[in-house]
>>> print(open('target_39.cif').read())   # mmCIF, C-alpha atoms
data_start
loop_
_atom_site.label_atom_id
_atom_site.label_comp_id
_atom_site.auth_asym_id
_atom_site.auth_seq_id
_atom_site.Cartn_x
_atom_site.Cartn_y
_atom_site.Cartn_z
CA MET A 1 3.64 47.79 10.81
CA LYS A 2 2.16 44.66 9.26
CA ILE A 3 3.82 41.43 10.39
CA GLN A 4 4.61 39.21 7.43
CA GLN A 5 3.52 35.60 7.87
CA PRO A 6 6.14 32.93 7.12
CA VAL A 7 5.72 31.19 3.78
CA PRO A 8 4.88 27.50 4.34
CA ILE A 9 7.08 24.78 2.93
CA ARG A 10 5.34 23.37 -0.16
CA ILE A 11 5.74 19.65 -0.73
CA LEU A 12 4.53 17.57 -3.66
CA VAL A 13 3.49 14.01 -2.73
CA ALA A 14 2.99 11.44 -5.51
CA PRO A 15 2.07 7.79 -4.81
CA LEU A 16 2.32 4.93 -7.30
CA ASP A 17 -0.94 3.66 -8.80
CA TRP A 18 -0.28 -0.12 -8.47
CA GLY A 19 -3.09 -0.75 -5.98
CA LEU A 20 -4.30 1.55 -3.22
CA GLY A 21 -1.59 0.75 -0.67
CA HIS A 22 0.94 3.29 -1.91
CA ALA A 23 -1.65 6.03 -1.44
CA THR A 24 -2.97 4.90 1.94
CA ARG A 25 0.49 4.64 3.48
CA CYS A 26 1.15 8.22 2.37
CA ILE A 27 -1.83 9.39 4.46
CA PRO A 28 0.01 9.52 7.83
CA ILE A 29 2.92 11.30 6.12
CA ILE A 30 0.60 13.89 4.59
CA ARG A 31 -1.18 14.38 7.92
CA TYR A 32 2.09 14.96 9.75
CA LEU A 33 3.39 17.36 7.11
CA GLN A 34 0.18 19.35 7.58
CA GLU A 35 0.65 19.30 11.36
CA LYS A 36 4.11 20.80 10.81
CA GLY A 37 2.59 23.64 8.82
CA CYS A 38 3.54 22.43 5.36
CA GLU A 39 1.38 22.98 2.29
CA VAL A 40 0.91 19.61 0.59
CA LEU A 41 0.07 19.08 -3.07
CA VAL A 42 -0.85 15.61 -4.32
CA ALA A 43 -0.17 14.32 -7.84
CA ALA A 44 -2.25 11.30 -8.90
CA GLU A 45 -5.11 10.03 -11.05
CA GLY A 46 -7.99 7.52 -10.95
CA LYS A 47 -8.63 5.51 -7.79
CA ILE A 48 -5.60 7.00 -6.04
CA LEU A 49 -6.83 10.52 -6.66
CA GLU A 50 -10.37 9.72 -5.50
CA LEU A 51 -9.16 7.99 -2.32
CA LEU A 52 -6.94 10.87 -1.26
CA LYS A 53 -9.63 13.43 -2.08
CA LEU A 54 -11.93 11.60 0.32
CA GLU A 55 -9.26 11.77 3.04
CA PHE A 56 -8.09 15.33 2.32
CA PRO A 57 -10.87 17.31 0.60
CA ASN A 58 -9.03 20.62 1.14
CA LEU A 59 -5.68 19.68 -0.41
CA THR A 60 -4.51 20.85 -3.82
CA PHE A 61 -4.61 17.98 -6.32
CA VAL A 62 -2.93 17.84 -9.71
CA ASP A 63 -3.46 15.22 -12.40
CA LEU A 64 -0.48 12.99 -13.06
CA ARG A 65 -0.84 9.94 -15.26
CA GLY A 66 0.01 6.68 -13.53
CA TYR A 67 1.78 3.58 -14.79
CA ARG A 68 -1.57 1.90 -15.54
CA ILE A 69 -0.10 -1.59 -15.28
CA LYS A 70 -2.37 -4.45 -16.31
CA TYR A 71 -2.31 -7.75 -14.45
CA ALA A 72 -3.05 -11.23 -15.74
CA ALA A 73 -5.68 -13.63 -14.42
CA THR A 74 -3.18 -16.48 -13.91
CA LYS A 75 0.05 -16.87 -11.97
CA VAL A 76 2.08 -17.87 -15.04
CA GLY A 77 0.51 -15.16 -17.17
CA LEU A 78 1.38 -12.39 -14.71
CA PHE A 79 5.15 -12.64 -15.21
CA PHE A 80 4.86 -12.44 -18.99
CA LYS A 81 2.24 -9.69 -18.75
CA ILE A 82 4.65 -7.53 -16.74
CA ILE A 83 7.53 -8.27 -19.12
CA THR A 84 5.51 -7.07 -22.11
CA GLN A 85 4.77 -3.80 -20.30
CA ILE A 86 8.41 -2.89 -19.58
CA PRO A 87 8.54 -0.44 -22.53
CA GLN A 88 5.40 1.23 -21.15
CA ILE A 89 6.95 1.45 -17.69
CA LEU A 90 10.12 3.06 -19.04
CA GLN A 91 8.06 5.46 -21.11
CA THR A 92 6.07 6.46 -18.03
CA ILE A 93 9.27 7.09 -16.06
CA ARG A 94 10.47 9.45 -18.79
CA TYR A 95 7.04 11.09 -18.94
CA GLU A 96 6.82 11.78 -15.20
CA LYS A 97 10.38 13.13 -15.11
CA LYS A 98 9.50 15.58 -17.90
CA TRP A 99 6.19 16.36 -16.17
CA LEU A 100 7.97 17.17 -12.89
CA ASP A 101 10.55 19.41 -14.56
CA GLN A 102 7.76 21.41 -16.21
CA PHE A 103 5.69 21.48 -13.00
CA LEU A 104 8.60 22.87 -10.99
CA LYS A 105 9.10 25.68 -13.51
CA ALA A 106 5.47 26.74 -13.09
CA HIS A 107 5.05 26.20 -9.32
CA ALA A 108 7.10 27.04 -6.25
CA ILE A 109 7.77 23.63 -4.68
CA ASN A 110 10.34 23.03 -1.94
CA ALA A 111 10.52 19.22 -2.06
CA VAL A 112 9.07 16.05 -3.61
CA VAL A 113 8.03 12.84 -1.86
CA SER A 114 7.65 10.01 -4.36
CA ASP A 115 6.18 6.69 -3.27
CA ASN A 116 7.71 4.26 -5.75
CA ARG A 117 7.44 6.61 -8.74
CA PHE A 118 10.85 6.29 -10.37
CA GLY A 119 10.85 9.49 -12.42
CA LEU A 120 9.84 12.02 -9.77
CA TYR A 121 13.28 13.21 -8.76
CA SER A 122 14.95 16.55 -9.27
CA SER A 123 18.41 18.01 -8.95
CA SER A 124 16.95 21.43 -8.12
CA ILE A 125 15.00 20.47 -4.96
CA PRO A 126 15.22 17.63 -2.39
CA SER A 127 13.49 14.47 -3.60
CA VAL A 128 12.60 11.53 -1.36
CA TYR A 129 11.83 8.00 -2.57
CA ILE A 130 9.58 5.73 -0.45
CA THR A 131 9.71 1.95 -0.85
CA HIS A 132 9.51 -1.19 1.27
CA GLN A 133 11.01 -3.27 -1.52
CA LEU A 134 14.69 -2.56 -1.98
CA ARG A 135 15.14 -6.14 -3.06
CA ILE A 136 12.84 -7.01 -5.96
CA LEU A 137 12.21 -10.74 -6.07
CA ALA A 138 12.10 -12.42 -9.46
CA PRO A 139 10.76 -15.89 -10.28
CA GLY A 140 13.69 -18.25 -9.82
CA GLY A 141 15.93 -15.54 -8.36
CA GLY A 142 19.48 -15.60 -9.70
CA PRO A 143 20.74 -13.21 -12.40
CA ALA A 144 17.28 -11.76 -13.11
CA GLU A 145 16.88 -10.73 -9.48
CA ALA A 146 20.38 -9.22 -9.34
CA PHE A 147 19.65 -7.24 -12.51
CA LEU A 148 16.34 -5.92 -11.12
CA GLN A 149 17.94 -4.78 -7.87
CA LYS A 150 20.77 -3.05 -9.76
CA LEU A 151 18.22 -1.29 -11.99
CA HIS A 152 16.11 -0.31 -8.98
CA TYR A 153 19.12 1.15 -7.18
CA LYS A 154 20.03 3.08 -10.31
CA TYR A 155 16.74 4.95 -10.03
CA ILE A 156 16.78 5.23 -6.22
CA ASN A 157 20.24 6.79 -6.26
CA ARG A 158 18.88 9.68 -8.34
CA PHE A 159 16.95 10.83 -5.26
CA GLN A 160 18.48 12.56 -2.23
CA ALA A 161 17.01 10.19 0.37
CA CYS A 162 15.17 6.88 0.67
CA TRP A 163 12.49 6.22 3.31
CA ILE A 164 11.48 2.67 4.20
CA PRO A 165 8.16 2.03 5.99
CA ASP A 166 9.39 -0.71 8.29
CA ALA A 167 11.46 -1.25 11.41
CA LYS A 168 15.22 -1.21 10.90
CA ASP A 169 15.82 -4.28 13.04
CA MET A 170 13.83 -7.32 14.16
CA PRO A 171 10.95 -7.68 14.53
CA ASN A 172 10.09 -6.30 11.12
CA LEU A 173 7.34 -6.88 8.58
CA SER A 174 9.18 -7.08 5.26
CA GLY A 175 12.09 -9.46 5.80
CA VAL A 176 14.68 -9.40 3.01
CA LEU A 177 12.55 -7.06 0.89
CA ALA A 178 13.61 -3.99 2.87
CA HIS A 179 16.68 -5.45 4.55
CA PRO A 180 19.04 -6.57 1.77
CA LYS A 181 22.76 -7.07 2.26
CA HIS A 182 23.59 -3.82 0.49
CA LEU A 183 21.68 -0.53 0.69
CA PRO A 184 21.48 2.25 -1.91
CA ASN A 185 24.22 4.89 -1.98
CA ILE A 186 21.94 7.67 -0.72
CA PRO A 187 20.89 8.13 2.95
CA VAL A 188 18.34 5.48 3.96
CA SER A 189 15.94 5.98 6.90
CA TYR A 190 13.56 3.39 8.36
CA LEU A 191 10.25 5.02 9.26
CA GLY A 192 8.74 2.12 11.16
CA PRO A 193 5.43 0.70 9.88
CA LEU A 194 2.99 3.33 8.59
CA SER A 195 -0.75 3.20 9.16
CA ARG A 196 -3.49 5.74 8.61
CA LEU A 197 -5.75 3.95 11.14
CA GLN A 198 -6.27 4.91 14.78
CA LYS A 199 -6.15 2.20 17.44
CA HIS A 200 -8.62 2.19 20.32
CA PRO A 201 -10.44 -0.37 22.51
CA SER A 202 -13.30 -2.09 20.70
CA SER A 203 -15.67 -4.99 21.25
CA ILE A 204 -16.14 -7.69 18.59
CA GLN A 205 -19.33 -7.21 16.57
CA TYR A 206 -18.59 -8.95 13.26
CA PRO A 207 -17.31 -12.52 12.72
CA VAL A 208 -15.40 -11.91 9.47
CA LEU A 209 -14.28 -8.85 7.55
CA ALA A 210 -13.02 -9.33 3.98
CA LEU A 211 -10.83 -6.48 2.68
CA LEU A 212 -10.22 -6.46 -1.05
CA SER A 213 -7.49 -4.44 -2.72
CA GLY A 214 -5.06 -4.47 -5.60
CA PRO A 215 -5.38 -4.18 -9.37
CA GLU A 216 -7.77 -6.03 -11.64
CA PRO A 217 -8.46 -8.74 -12.57
CA GLN A 218 -7.10 -10.26 -9.35
CA ARG A 219 -9.27 -8.07 -7.12
CA THR A 220 -12.44 -9.39 -8.77
CA LEU A 221 -11.14 -12.97 -8.88
CA LEU A 222 -10.62 -13.00 -5.12
CA GLU A 223 -14.01 -11.38 -4.59
CA ASP A 224 -15.63 -14.19 -6.59
CA VAL A 225 -13.77 -16.82 -4.54
CA ILE A 226 -14.86 -15.26 -1.25
CA LEU A 227 -18.49 -14.87 -2.38
CA GLN A 228 -18.63 -18.55 -3.39
CA GLN A 229 -17.27 -19.55 0.01
CA ILE A 230 -19.77 -17.36 1.88
CA SER A 231 -22.62 -18.98 -0.06
CA GLN A 232 -21.49 -22.41 1.21
CA THR A 233 -21.23 -21.49 4.90
CA ASN A 234 -23.30 -19.94 7.66
CA VAL A 235 -20.65 -17.30 8.39
CA LYS A 236 -21.75 -13.67 8.18
CA VAL A 237 -19.21 -11.49 6.40
CA VAL A 238 -18.63 -7.78 5.92
CA LEU A 239 -17.03 -7.07 2.54
CA VAL A 240 -15.08 -3.90 1.70
CA ARG A 241 -14.46 -4.07 -2.04
CA GLY A 242 -11.63 -1.56 -2.39
CA LEU A 243 -13.41 0.57 -4.99
CA PRO A 244 -13.23 4.25 -3.98
CA GLN A 245 -14.77 5.27 -7.29
CA GLY A 246 -17.65 2.80 -6.93
CA GLY A 247 -16.39 0.84 -9.94
CA PRO A 248 -15.38 -0.58 -12.31
CA ALA A 249 -16.61 -3.83 -10.82
CA LYS A 250 -20.38 -4.20 -10.69
CA GLU A 251 -22.33 -6.20 -8.17
CA ASN A 252 -22.81 -9.67 -9.65
CA SER A 253 -25.89 -11.79 -8.99
CA LEU A 254 -24.30 -13.83 -6.20
CA LEU A 255 -23.19 -10.70 -4.34
CA VAL A 256 -26.72 -9.27 -4.59
CA LYS A 257 -28.24 -12.58 -3.46
CA LEU A 258 -25.96 -12.80 -0.42
CA LYS A 259 -26.78 -9.20 0.53
CA GLU A 260 -30.49 -9.94 0.34
CA SER A 261 -30.09 -13.07 2.46
CA GLY A 262 -28.47 -11.09 5.28
CA LYS A 263 -25.22 -13.09 5.12
CA LEU A 264 -23.26 -10.24 3.60
CA SER A 265 -22.81 -6.51 4.20
CA VAL A 266 -21.04 -4.66 1.39
CA TYR A 267 -19.13 -1.38 1.10
CA ASN A 268 -17.27 -0.24 -2.00
CA HIS A 269 -14.95 1.93 0.09
CA LEU A 270 -14.73 3.37 3.59
CA PRO A 271 -12.87 6.41 4.95
CA SER A 272 -10.00 5.71 7.33
CA GLU A 273 -11.83 6.31 10.61
CA VAL A 274 -14.78 4.09 9.70
CA LEU A 275 -12.54 1.35 8.28
CA GLY A 276 -10.34 1.36 11.37
CA ASN A 277 -13.38 0.96 13.61
CA LEU A 278 -14.69 -1.87 11.44
CA ILE A 279 -11.39 -3.77 11.49
CA GLN A 280 -11.15 -3.54 15.26
CA ALA A 281 -14.77 -4.68 15.66
CA SER A 282 -14.16 -7.80 13.52
CA GLU A 283 -12.97 -11.10 14.92
CA TRP A 284 -11.12 -12.12 11.75
CA VAL A 285 -9.84 -10.15 8.77
CA ILE A 286 -9.33 -11.80 5.40
CA ALA A 287 -7.24 -9.81 2.93
CA ARG A 288 -4.46 -9.81 0.38
CA THR A 289 -0.86 -9.89 1.54
CA GLY A 290 -0.41 -6.31 0.41
CA TYR A 291 2.27 -4.64 2.49
CA THR A 292 0.15 -1.65 3.50
CA THR A 293 -2.65 -3.97 4.60
CA VAL A 294 -0.12 -5.88 6.70
CA MET A 295 1.06 -2.65 8.35
CA ASP A 296 -2.54 -1.64 9.14
CA LEU A 297 -3.43 -5.01 10.66
CA VAL A 298 -0.27 -5.23 12.79
CA HIS A 299 -0.75 -1.65 13.97
CA LEU A 300 -4.27 -2.54 15.14
CA GLY A 301 -3.11 -5.85 16.65
CA LYS A 302 -5.54 -7.80 14.48
CA LYS A 303 -5.30 -11.49 13.69
CA SER A 304 -5.70 -12.14 9.99
CA VAL A 305 -5.93 -14.66 7.19
CA LEU A 306 -3.95 -13.35 4.24
CA ILE A 307 -4.08 -14.57 0.63
CA PRO A 308 -1.11 -13.64 -1.60
CA THR A 309 -1.90 -12.50 -5.13
CA PRO A 310 -0.95 -15.45 -7.39
CA GLY A 311 2.25 -14.76 -9.31
CA GLN A 312 3.10 -11.59 -7.40
CA THR A 313 6.50 -12.61 -6.01
CA GLU A 314 6.54 -9.91 -3.33
CA GLN A 315 3.23 -11.06 -1.84
CA GLU A 316 4.13 -14.74 -2.12
CA TYR A 317 7.35 -14.08 -0.21
CA LEU A 318 5.53 -12.00 2.41
CA GLY A 319 2.99 -14.79 2.84
CA LYS A 320 5.73 -17.27 3.76
CA TYR A 321 7.66 -14.77 5.88
CA LEU A 322 4.67 -13.52 7.88
CA LYS A 323 3.48 -17.06 8.57
CA GLN A 324 6.97 -18.12 9.65
CA GLU A 325 7.21 -15.15 12.03
CA GLY A 326 3.72 -15.73 13.46
CA ILE A 327 2.48 -12.35 12.23
CA ALA A 328 -0.33 -13.67 10.02
CA TYR A 329 -1.85 -16.95 8.93
CA THR A 330 -1.50 -17.17 5.16
CA VAL A 331 -3.11 -19.48 2.65
CA SER A 332 -3.09 -19.92 -1.13
CA GLN A 333 -5.96 -18.61 -3.24
CA ASP A 334 -5.98 -21.92 -5.11
CA GLY A 335 -8.51 -24.17 -3.36
CA PHE A 336 -9.26 -21.57 -0.69
CA SER A 337 -11.81 -22.72 1.88
CA LEU A 338 -13.24 -20.09 4.22
CA THR A 339 -14.25 -22.61 6.89
CA GLN A 340 -10.92 -24.43 6.80
CA ALA A 341 -8.92 -21.21 6.83
CA LEU A 342 -10.75 -19.87 9.89
CA THR A 343 -10.39 -23.21 11.69
CA GLU A 344 -6.65 -23.38 11.04
CA ALA A 345 -6.16 -19.72 11.90
CA SER A 346 -7.85 -20.26 15.26
CA ARG A 347 -5.06 -22.73 16.10
CA PHE A 348 -2.25 -20.61 14.65
CA PRO A 349 0.32 -19.29 17.21
CA TYR A 350 0.09 -15.57 16.44
CA LYS A 351 2.99 -13.41 17.63
CA LEU A 352 2.03 -9.90 16.60
CA PRO A 353 4.97 -7.51 17.01
CA GLN A 354 4.90 -3.92 18.22
CA PRO A 355 7.53 -2.27 16.01
CA SER A 356 8.81 1.19 16.86
CA ILE A 357 7.40 4.16 14.94
CA ALA A 358 10.03 6.64 13.76
CA TYR A 359 8.50 8.50 10.82
CA LYS A 360 7.81 11.73 12.71
CA GLU A 361 11.42 11.99 13.85
CA VAL A 362 12.67 11.28 10.31
CA ILE A 363 10.33 13.90 8.82
CA ASP A 364 11.32 16.47 11.47
CA GLN A 365 14.99 16.05 10.63
CA TRP A 366 14.25 16.27 6.91
CA LEU A 367 12.13 19.42 7.28
CA ASP A 368 14.98 21.07 9.20
CA THR A 369 17.17 20.65 6.13
CA LEU A 370 14.56 22.40 3.96
CA GLY A 371 14.72 25.55 6.04
#
>>> encode(input="target_39.cif", output="structure tokens")
Amino acid sequence: MKIQQPVPIRILVAPLDWGLGHATRCIPIIRYLQEKGCEVLVAAEGKILELLKLEFPNLTFVDLRGYRIKYAATKVGLFFKIITQIPQILQTIRYEKKWLDQFLKAHAINAVVSDNRFGLYSSSIPSVYITHQLRILAPGGGPAEAFLQKLHYKYINRFQACWIPDAKDMPNLSGVLAHPKHLPNIPVSYLGPLSRLQKHPSSIQYPVLALLSGPEPQRTLLEDVILQQISQTNVKVVLVRGLPQGGPAKENSLLVKLKESGKLSVYNHLPSEVLGNLIQASEWVIARTGYTTVMDLVHLGKKSVLIPTPGQTEQEYLGKYLKQEGIAYTVSQDGFSLTQALTEASRFPYKLPQPSIAYKEVIDQWLDTLG
């Protein structure tokens, strides 16, 4: 008599396409789901798709159009740029909801894990929403901020559960973003900080590592700032450009010149294991105040200099909060000086926390409900 093998639980994972962080923080979740015997399918496009294919070449990938948000080159322009794209955002939410309904009719899926994609919920199967930003900060706060949080909760409450990649109590990495006065109406679980990187003892080999991330044009603008600063100092820098597709940014003349002079080593993208080793072998890390970057650096116990994206209220808040808590030294992009930043960071009283990690326990309990 032939023994029938149990059918694995099939889970669709879909990260938002606003920067690479939503995808990279899904990596430990995907890994653990695989460890538990689940079959994972990933829905994405563009850079997100390419990054996750590099990490998981044997997964099943399906094309799902992203929000394709465009960012402005100035702080003031960013707010108005986002406002003008609200109709596009709403259209994309409707599109991905329709896409999911059709996908579920054609494929046997047991559950959906959506990292900040508002339309990927279903009444027919369990749907989980991942976010670290329950409270969405608006310029000036007030009624606009209250409206945004109410709208956000309206979408969150369409899911069956909400997972937050941060510690529930202090010390935590997100402050009021993930710890507002009032939570959504659905069950909320704090996963602890998520990181795809493995921590191990390492000796320092590189003075400075610059990690670039985030959407254009701000990614390129920060790259240009850092390259100009490198050209004016004797500091040797390793630059990871955050371009898993090898583009769209080309190597400008200054970047090429610095490479040829031996002051700069450049990588468009690195897989998790190599990147983790590089971070731990670097004395200082310079990066954006992207939340996933913050989780990675705290997980590895790495001192950093973080530069919030101008006009991005979440990152500007995190910059102030992390500096106040001693988690990272933060500095404005406007007038950034590499030498000054490193000097001031060397005197900064870092207090890197060791938050508890709970995501495996949360996932175990969730999988039990799926049968």
>>> residues_around(input="target_39.cif", residues="segment 102-117 of chain A", least_positions_apart="2", cutoff="8 Å", atoms="only C-alpha atoms", output="short mmCIF file (atom, residue, chain, number, x, y, z; two decimals) with C-alpha atoms, in the coordinates of the input")
data_model
loop_
_atom_site.label_atom_id
_atom_site.label_comp_id
_atom_site.auth_asym_id
_atom_site.auth_seq_id
_atom_site.Cartn_x
_atom_site.Cartn_y
_atom_site.Cartn_z
CA ILE A 9 7.08 24.78 2.93
CA ARG A 10 5.34 23.37 -0.16
CA ILE A 11 5.74 19.65 -0.73
CA LEU A 12 4.53 17.57 -3.66
CA VAL A 13 3.49 14.01 -2.73
CA ALA A 14 2.99 11.44 -5.51
CA PRO A 15 2.07 7.79 -4.81
CA LEU A 16 2.32 4.93 -7.30
CA HIS A 22 0.94 3.29 -1.91
CA CYS A 26 1.15 8.22 2.37
CA ILE A 93 9.27 7.09 -16.06
CA LYS A 98 9.50 15.58 -17.90
CA TRP A 99 6.19 16.36 -16.17
CA LEU A 100 7.97 17.17 -12.89
CA GLY A 119 10.85 9.49 -12.42
CA LEU A 120 9.84 12.02 -9.77
CA TYR A 121 13.28 13.21 -8.76
CA ILE A 125 15.00 20.47 -4.96
CA PRO A 126 15.22 17.63 -2.39
CA SER A 127 13.49 14.47 -3.60
CA VAL A 128 12.60 11.53 -1.36
CA TYR A 129 11.83 8.00 -2.57
CA ILE A 130 9.58 5.73 -0.45
CA THR A 131 9.71 1.95 -0.85
CA LEU A 370 14.56 22.40 3.96
#
>>> resolve_selection(input="target_39.cif", expression="the PyMOL selection byres ((chain A and resi 338) around 9)", output="list in words")
Ile226, Gln229, Ile230, Thr233, Val235, Phe336, Ser337, Thr339, Gln340, Ala341, Leu342 and Thr343 of chain A
>>> atom_distance(input="target_39.cif", atom1="atom CA of Leu41 of chain A", atom2="atom CA of Glu55 of chain A")
13.3 Å
>>> closest_residue(input="target_39.cif", among="A:Ile204, A:Leu90, A:Met170, A:Val266", to="Ser282 of chain A", atoms="all atoms listed in the file")
A:Ile204
>>> atom_distance(input="target_39.cif", atom1="atom CA of Arg347 of chain A", atom2="atom CA of Ala328 of chain A")
11.9 Å
>>> residues_near_point(input="target_39.cif", point="(-10.8, 4.4, 3.8)", cutoff="9 Å", atoms="all atoms listed in the file", output="number ranges by chain")
A: 24, 51, 54-55, 196-197, 242, 244, 269-276
>>> build_atoms(input="target_39.cif", residues="segment 8-22 of chain A", atoms="N, CA and C atoms", output="tab-separated table (two decimals), in the frame of the given file")
chain	number	residue	atom	x	y	z
A	8	PRO	N	4.78	28.92	4.00
A	8	PRO	CA	4.88	27.50	4.34
A	8	PRO	C	5.72	26.73	3.33
A	9	ILE	N	6.35	25.68	3.82
A	9	ILE	CA	7.08	24.78	2.93
A	9	ILE	C	6.07	24.03	2.08
A	10	ARG	N	6.27	24.03	0.78
A	10	ARG	CA	5.34	23.37	-0.16
A	10	ARG	C	5.95	22.06	-0.65
A	11	ILE	N	5.22	20.98	-0.42
A	11	ILE	CA	5.74	19.65	-0.73
A	11	ILE	C	4.77	18.92	-1.65
A	12	LEU	N	5.31	18.37	-2.72
A	12	LEU	CA	4.53	17.57	-3.66
A	12	LEU	C	4.66	16.10	-3.28
A	13	VAL	N	3.52	15.44	-3.07
A	13	VAL	CA	3.49	14.01	-2.73
A	13	VAL	C	2.84	13.26	-3.89
A	14	ALA	N	3.50	12.18	-4.36
A	14	ALA	CA	2.99	11.44	-5.51
A	14	ALA	C	3.13	9.94	-5.28
A	15	PRO	N	2.02	9.24	-5.01
A	15	PRO	CA	2.07	7.79	-4.81
A	15	PRO	C	1.88	7.01	-6.11
A	16	LEU	N	2.48	5.84	-6.17
A	16	LEU	CA	2.32	4.93	-7.30
A	16	LEU	C	0.87	4.46	-7.39
A	17	ASP	N	0.45	4.07	-8.59
A	17	ASP	CA	-0.94	3.66	-8.80
A	17	ASP	C	-1.11	2.14	-8.92
A	18	TRP	N	-0.14	1.35	-8.43
A	18	TRP	CA	-0.28	-0.12	-8.47
A	18	TRP	C	-1.00	-0.56	-7.19
A	19	GLY	N	-2.32	-0.47	-7.19
A	19	GLY	CA	-3.09	-0.75	-5.98
A	19	GLY	C	-3.21	0.49	-5.12
A	20	LEU	N	-4.02	0.39	-4.07
A	20	LEU	CA	-4.30	1.55	-3.22
A	20	LEU	C	-3.28	1.74	-2.10
A	21	GLY	N	-2.47	0.72	-1.83
A	21	GLY	CA	-1.59	0.75	-0.67
A	21	GLY	C	-0.58	1.87	-0.68
A	22	HIS	N	-0.05	2.21	-1.84
A	22	HIS	CA	0.94	3.29	-1.91
A	22	HIS	C	0.31	4.63	-1.50
